[in-house]
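For reference, the structure discussed in these notes is given below.
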Amino acid sequence: MELVSRVFVIGLGSMGRRRIRNLKALGIETIAGYDTNPTRIDAAVKSYSIRPFLDFEEALSEFSPDAILISTSPEHHMKYAFRALESRIPCFIEASVVHSEEIAQLNRDAEKKKVIMAPSCTMKFFQGPKLLKQLLIDEVIGKPISYTYATGQWLPDWHPWEDIADFYVSRRETGGCREIVPFELTWLNDLFGTPQPISCRKYHLSELNADIDDSYYFLLQHPGGLVGSLNIEVISRPTPTRELRVTGESGIIVMSGDEKCVRYSNIASDGWVTIPFVLGTHEGISVNPEEPYIAELNAFILAVAEKDSALFPNTLQNDFATLSLLNKLDSLALTP
């Protein structure tokens, strides 16, 4: 096993700073950071004592990282990922919402050069989806035949310290709701298989002052005939929404963010069986706990150390398939 001790974080906004905390939680202390915004660099240095760089190429040559984390806004992911590949440096990439063809090309090139490129799949590390997946594996409701899923959070609550006009989620191509669709499909497709779209509608329903669709409603048909109905939005307040109900041939599973549990009932049980979530620790005003993000980076670091991309539970090929599905949904979408 090779030692992974020097990590370069590109993008020092809220996610980049979270990733620095994740690395430190994993015992990695030699961390460099780069951002085009000097204020963000200063804040990261003050909070986490990282080595700062104002020049990306200088960081590559002087710091010589064992791995790179790309935590910029999505439109910049591929620029840095291809540069990491050129230098044959393993790379972790936050969830993407654009540039599907570039992702496909990156995948082909990375396979040829045998360089690990790990696209984020954070939801697979959350307790709710992990419990749900195990229950499906255990067939507690028999064969799943349909599901309904609703999830969302008021967009200004993502970064309450700044106007959403200054945040990439307010731009149509990288809009918050559009970004969340592949973020959620990544783990849902892992459970049920890559689907075909049946229908899609999207709307701007709220008072959000941004030229984006804030709500998606769509139907999917997964392999084996399973049908999913989804509402993904960025308008739920004051608390986030996350509620999934899976109907099987012999029972029902519910994953509830409000109740913080997964519960199921089947034809052999006497009422509901409830499994509470294991709640994690939160940093500041963050809605999501740190532990899933730490576990995700741990999987990436292990894959790099072992030189085995199979140790990370997502691939660029999966990302391409998910973004292709998003593009199909957009092409089907009807807007009033």
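All residue names refer to the structure tokens as shown: chains lettered A, B, ... in order, residues numbered from 1 in each chain, ligands numbered from 1 in order.
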- Message: So that I can check the surroundings of Tyr80 of chain A, please list as a list of chain:residue names every protein, DNA and RNA residue that reaches within 10 Å of it, counting only C-alpha atoms and ignoring chain neighbours fewer than 2 positions away.
- Response: A:Ile10, A:Phe56, A:Ile68, A:Leu69, A:Ile70, A:Thr72, A:His76, A:His77, A:Met78, A:Phe82, A:Arg83, A:Ala84, A:Leu85, A:Glu86, A:Cys91, A:Ile93
Go ahead and save the picked residues with C-alpha atoms, as a PDB file, in the first residue's frame.
```pdb
ATOM      1  CA  ILE A  10      -8.814  22.994  -5.602  1.00  0.00           C
ATOM      2  CA  PHE A  56      -2.423  26.371  -9.924  1.00  0.00           C
ATOM      3  CA  ILE A  68      -6.137  16.103  -5.908  1.00  0.00           C
ATOM      4  CA  LEU A  69      -9.643  17.049  -4.744  1.00  0.00           C
ATOM      5  CA  ILE A  70     -11.685  19.256  -7.100  1.00  0.00           C
ATOM      6  CA  THR A  72     -14.858  24.166  -7.480  1.00  0.00           C
ATOM      7  CA  HIS A  76     -14.627  24.163 -13.791  1.00  0.00           C
ATOM      8  CA  HIS A  77     -14.408  20.476 -12.843  1.00  0.00           C
ATOM      9  CA  MET A  78     -13.185  19.126 -16.155  1.00  0.00           C
ATOM     10  CA  PHE A  82      -7.869  16.797 -17.308  1.00  0.00           C
ATOM     11  CA  ARG A  83      -4.850  18.658 -15.943  1.00  0.00           C
ATOM     12  CA  ALA A  84      -4.630  16.170 -13.055  1.00  0.00           C
ATOM     13  CA  LEU A  85      -4.844  13.311 -15.549  1.00  0.00           C
ATOM     14  CA  GLU A  86      -2.098  14.853 -17.664  1.00  0.00           C
ATOM     15  CA  CYS A  91      -8.354  12.882  -8.557  1.00  0.00           C
ATOM     16  CA  ILE A  93     -14.298  15.262  -8.289  1.00  0.00           C
TER      17      ILE A  93
END
```
Can you list, as an mmCIF file with C-alpha atoms, in the first residue's frame, every protein, DNA or RNA residue that comes within 6 Å of Val7 of chain A when you count only C-alpha atoms, leaving out same-chain residues fewer than 2 positions away?
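In the end it all went to out-v8.cif:
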```
data_model
loop_
_atom_site.group_PDB
_atom_site.id
_atom_site.type_symbol
_atom_site.label_atom_id
_atom_site.label_comp_id
_atom_site.auth_asym_id
_atom_site.auth_seq_id
_atom_site.Cartn_x
_atom_site.Cartn_y
_atom_site.Cartn_z
ATOM 1 C CA ILE A 31 -2.712 19.870 2.601
ATOM 2 C CA PRO A 65 0.490 16.110 -4.386
ATOM 3 C CA ASP A 66 -0.297 12.419 -4.035
ATOM 4 C CA ALA A 67 -3.941 13.194 -4.819
ATOM 5 C CA ILE A 68 -6.137 16.103 -5.908
#
```
- Item | Shell of 7 Å around segment 303-318 of chain A, only C-alpha atoms, local chain residues under 3 positions omitted, as an MDAnalysis selection string | chainID A and resid 1:4 90 103:104 107 116 118:119 121 299:300 321:322
- Apply DSSP to the structure's backbone, then extract all residues of segment 84-259 of chain A labelled strand (DSSP E or B) and return them as a PyMOL selection string. chain A and resi 91-93+117-119+144-152+196-203+215-221+227-233+241-248+251-256
- Spatial neighbours of segment 159-172 of chain A, max dist 7 Å, only C-alpha atoms, sep filter under 2 positions, as a list of chain:residue names: A:Ser73, A:Pro156, A:Asp157, A:Thr174, A:Gly175, A:Gly176, A:Ala210, A:Asp211, A:Ile212
- Which of these, A:Leu131, A:Pro197, A:Leu155, A:Phe192, has the shortest distance to Tyr264 of chain A once you count only C-alpha atoms?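 Nearest to Tyr264 of chain A: A:Leu131.
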- Just the helix (DSSP H, G or I) stuff from segment 66-110 of chain A, please, per backbone DSSP, written as an MDAnalysis selection string. chainID A and resid 74:86 100:110
Next, write the just-selected residues to a file, as an mmCIF file, in the first residue's frame, keeping N, CA and C atoms as the atom set.
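Below you can see part_27.cif, which holds the result:
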```
data_model
loop_
_atom_site.group_PDB
_atom_site.id
_atom_site.type_symbol
_atom_site.label_atom_id
_atom_site.label_comp_id
_atom_site.auth_asym_id
_atom_site.auth_seq_id
_atom_site.Cartn_x
_atom_site.Cartn_y
_atom_site.Cartn_z
ATOM 1 N N PRO A 74 -19.244 23.487 -10.610
ATOM 2 C CA PRO A 74 -19.217 22.394 -11.595
ATOM 3 C C PRO A 74 -18.629 22.753 -12.956
ATOM 4 N N GLU A 75 -18.802 23.990 -13.406
ATOM 5 C CA GLU A 75 -18.324 24.328 -14.756
ATOM 6 C C GLU A 75 -16.809 24.272 -14.888
ATOM 7 N N HIS A 76 -16.093 24.218 -13.752
ATOM 8 C CA HIS A 76 -14.627 24.163 -13.791
ATOM 9 C C HIS A 76 -14.056 22.765 -13.528
ATOM 10 N N HIS A 77 -14.892 21.798 -13.224
ATOM 11 C CA HIS A 77 -14.408 20.476 -12.843
ATOM 12 C C HIS A 77 -13.476 19.859 -13.885
ATOM 13 N N MET A 78 -13.926 19.861 -15.129
ATOM 14 C CA MET A 78 -13.185 19.126 -16.155
ATOM 15 C C MET A 78 -11.837 19.775 -16.468
ATOM 16 N N LYS A 79 -11.767 21.087 -16.407
ATOM 17 C CA LYS A 79 -10.490 21.758 -16.663
ATOM 18 C C LYS A 79 -9.406 21.232 -15.736
ATOM 19 N N TYR A 80 -9.725 21.141 -14.462
ATOM 20 C CA TYR A 80 -8.733 20.682 -13.490
ATOM 21 C C TYR A 80 -8.549 19.167 -13.541
ATOM 22 N N ALA A 81 -9.634 18.440 -13.837
ATOM 23 C CA ALA A 81 -9.529 16.978 -13.895
ATOM 24 C C ALA A 81 -8.613 16.538 -15.034
ATOM 25 N N PHE A 82 -8.740 17.162 -16.188
ATOM 26 C CA PHE A 82 -7.869 16.797 -17.308
ATOM 27 C C PHE A 82 -6.416 17.178 -17.022
ATOM 28 N N ARG A 83 -6.219 18.273 -16.294
ATOM 29 C CA ARG A 83 -4.850 18.658 -15.943
ATOM 30 C C ARG A 83 -4.259 17.658 -14.934
ATOM 31 N N ALA A 84 -5.086 17.192 -14.000
ATOM 32 C CA ALA A 84 -4.630 16.170 -13.055
ATOM 33 C C ALA A 84 -4.275 14.887 -13.804
ATOM 34 N N LEU A 85 -5.110 14.509 -14.764
ATOM 35 C CA LEU A 85 -4.844 13.311 -15.549
ATOM 36 C C LEU A 85 -3.541 13.445 -16.329
ATOM 37 N N GLU A 86 -3.327 14.605 -16.916
ATOM 38 C CA GLU A 86 -2.098 14.853 -17.664
ATOM 39 C C GLU A 86 -0.867 14.638 -16.781
ATOM 40 N N SER A 100 -21.126 16.436 -19.838
ATOM 41 C CA SER A 100 -21.211 14.978 -19.864
ATOM 42 C C SER A 100 -20.258 14.373 -20.889
ATOM 43 N N GLU A 101 -20.110 14.986 -22.055
ATOM 44 C CA GLU A 101 -19.216 14.425 -23.071
ATOM 45 C C GLU A 101 -17.758 14.502 -22.628
ATOM 46 N N GLU A 102 -17.402 15.582 -21.934
ATOM 47 C CA GLU A 102 -16.033 15.689 -21.402
ATOM 48 C C GLU A 102 -15.780 14.623 -20.347
ATOM 49 N N ILE A 103 -16.811 14.319 -19.545
ATOM 50 C CA ILE A 103 -16.688 13.254 -18.548
ATOM 51 C C ILE A 103 -16.448 11.913 -19.223
ATOM 52 N N ALA A 104 -17.165 11.671 -20.315
ATOM 53 C CA ALA A 104 -16.964 10.417 -21.058
ATOM 54 C C ALA A 104 -15.536 10.334 -21.604
ATOM 55 N N GLN A 105 -15.025 11.456 -22.118
ATOM 56 C CA GLN A 105 -13.659 11.468 -22.645
ATOM 57 C C GLN A 105 -12.645 11.277 -21.521
ATOM 58 N N LEU A 106 -12.879 11.941 -20.397
ATOM 59 C CA LEU A 106 -11.993 11.782 -19.243
ATOM 60 C C LEU A 106 -11.947 10.324 -18.806
ATOM 61 N N ASN A 107 -13.089 9.670 -18.834
ATOM 62 C CA ASN A 107 -13.139 8.261 -18.461
ATOM 63 C C ASN A 107 -12.283 7.407 -19.392
ATOM 64 N N ARG A 108 -12.418 7.632 -20.684
ATOM 65 C CA ARG A 108 -11.631 6.852 -21.645
ATOM 66 C C ARG A 108 -10.132 7.084 -21.452
ATOM 67 N N ASP A 109 -9.760 8.356 -21.280
ATOM 68 C CA ASP A 109 -8.341 8.686 -21.123
ATOM 69 C C ASP A 109 -7.775 8.142 -19.815
ATOM 70 N N ALA A 110 -8.574 8.240 -18.741
ATOM 71 C CA ALA A 110 -8.108 7.758 -17.433
ATOM 72 C C ALA A 110 -7.923 6.248 -17.444
#
```
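Take the candidates A:Phe218, A:Ile145, A:Leu136, A:Glu233 and check each one against Ile180 of chain A using only C-alpha atoms; the shortest distance goes to A:Glu233.
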- Message: With distances taken over only C-alpha atoms, which residue among A:Leu26, A:Tyr216, A:Leu132, A:Leu188 lies nearest Leu302 of chain A?
- Response: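 Of all the options, A:Leu26 lies closest to Leu302 of chain A.
Taking atom CA of Ile294 of chain A and atom CA of Ser61 of chain A as the two end points, the separation is 27.3 Å.
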- Using only C-alpha atoms, which residues sit within 6 Å of segment 265-271 of chain A once same-chain residues fewer than 5 positions away are excluded, as a VMD selection string? chain A and resid 141 250 to 252
- Query: How far is it from atom CA of Ile20 of chain A to atom CA of Asn288 of chain A, in Å with one decimal?
  - Reply: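 So the two atoms, atom CA of Ile20 of chain A and atom CA of Asn288 of chain A, lie 15.8 Å apart.
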Leaving out Arg17 of chain A and any residue of its chain fewer than 4 positions from it, which residues lie within 9 Å of it when counting only C-alpha atoms, given as a JSON list (two decimals) with N, CA and C atoms, in the first residue's frame?
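Result went into result.json, see below:
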```json
[["chain", "number", "residue", "atom", "x", "y", "z"],
["A", 9, "VAL", "N", -6.23, 20.55, -2.55],
["A", 9, "VAL", "CA", -7.66, 20.87, -2.66],
["A", 9, "VAL", "C", -7.82, 22.08, -3.56],
["A", 11, "GLY", "N", -10.32, 24.78, -4.99],
["A", 11, "GLY", "CA", -11.61, 25.37, -4.64],
["A", 11, "GLY", "C", -11.78, 25.38, -3.13],
["A", 12, "LEU", "N", -11.81, 26.57, -2.55],
["A", 12, "LEU", "CA", -11.82, 26.69, -1.09],
["A", 12, "LEU", "C", -13.10, 27.36, -0.57],
["A", 13, "GLY", "N", -14.19, 27.13, -1.29],
["A", 13, "GLY", "CA", -15.49, 27.54, -0.78],
["A", 13, "GLY", "C", -15.95, 26.60, 0.32],
["A", 21, "ARG", "N", -11.49, 19.54, 6.23],
["A", 21, "ARG", "CA", -11.82, 18.96, 7.54],
["A", 21, "ARG", "C", -11.85, 17.43, 7.44],
["A", 22, "ASN", "N", -12.42, 16.92, 6.34],
["A", 22, "ASN", "CA", -12.47, 15.47, 6.14],
["A", 22, "ASN", "C", -11.07, 14.87, 6.13],
["A", 44, "ALA", "N", -9.30, 29.87, 4.57],
["A", 44, "ALA", "CA", -8.90, 28.46, 4.72],
["A", 44, "ALA", "C", -7.59, 28.34, 5.48],
["A", 47, "SER", "N", -8.29, 29.07, 9.21],
["A", 47, "SER", "CA", -9.06, 28.03, 9.90],
["A", 47, "SER", "C", -8.33, 26.69, 9.98],
["A", 48, "TYR", "N", -7.55, 26.35, 8.93],
["A", 48, "TYR", "CA", -7.04, 24.99, 8.84],
["A", 48, "TYR", "C", -5.53, 24.89, 8.63],
["A", 71, "SER", "N", -13.03, 20.80, -5.82],
["A", 71, "SER", "CA", -14.23, 21.26, -5.11],
["A", 71, "SER", "C", -14.65, 22.64, -5.60]]
```
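Between atom CA of Gly193 of chain A and atom CA of Gly152 of chain A the interatomic distance comes to 22.5 Å.
Comparing the minimum interatomic distances between Leu279 of chain A and each of A:Gly225, A:Pro195, A:Gly128, A:Pro144, counting only C-alpha atoms, we find that A:Gly128 sits nearest.
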- Task: Just the residues within 12 Å of Pro276 of chain A, please, counting only C-alpha atoms, with nothing from its chain fewer than 4 positions along; format it as number ranges by chain.
- Result: A: 127-128, 131-132, 254-264
Kindly save the residues from that selection, with N, CA and C atoms included, as a short mmCIF file (atom, residue, chain, number, x, y, z; two decimals), in the first residue's frame.
```cif
data_model
loop_
_atom_site.label_atom_id
_atom_site.label_comp_id
_atom_site.auth_asym_id
_atom_site.auth_seq_id
_atom_site.Cartn_x
_atom_site.Cartn_y
_atom_site.Cartn_z
N GLN A 127 -26.52 7.26 6.19
CA GLN A 127 -27.09 6.12 6.89
C GLN A 127 -28.42 5.67 6.29
N GLY A 128 -29.29 6.60 5.92
CA GLY A 128 -30.59 6.23 5.36
C GLY A 128 -30.46 5.37 4.12
N LEU A 131 -28.98 1.87 4.96
CA LEU A 131 -29.95 0.97 5.59
C LEU A 131 -30.97 0.48 4.57
N LEU A 132 -31.44 1.40 3.73
CA LEU A 132 -32.43 1.04 2.71
C LEU A 132 -31.88 -0.01 1.76
N VAL A 254 -40.10 2.71 4.10
CA VAL A 254 -40.13 4.18 4.11
C VAL A 254 -38.82 4.69 4.69
N MET A 255 -38.18 5.61 4.00
CA MET A 255 -37.02 6.33 4.54
C MET A 255 -37.46 7.77 4.77
N SER A 256 -37.43 8.20 6.02
CA SER A 256 -37.97 9.50 6.38
C SER A 256 -36.91 10.40 7.00
N GLY A 257 -36.66 11.55 6.36
CA GLY A 257 -35.78 12.53 6.95
C GLY A 257 -36.39 13.18 8.17
N ASP A 258 -37.70 13.41 8.15
CA ASP A 258 -38.37 14.02 9.31
C ASP A 258 -38.30 13.10 10.53
N GLU A 259 -38.56 11.83 10.32
CA GLU A 259 -38.57 10.88 11.43
C GLU A 259 -37.18 10.33 11.73
N LYS A 260 -36.22 10.63 10.84
CA LYS A 260 -34.82 10.17 11.01
C LYS A 260 -34.75 8.66 11.23
N CYS A 261 -35.40 7.96 10.31
CA CYS A 261 -35.40 6.50 10.41
C CYS A 261 -35.73 5.88 9.06
N VAL A 262 -35.43 4.59 8.96
CA VAL A 262 -35.97 3.74 7.90
C VAL A 262 -36.89 2.75 8.59
N ARG A 263 -38.08 2.55 8.06
CA ARG A 263 -39.01 1.59 8.66
C ARG A 263 -39.65 0.76 7.55
N TYR A 264 -40.03 -0.44 7.91
CA TYR A 264 -40.68 -1.29 6.91
C TYR A 264 -41.77 -2.12 7.56
#
```
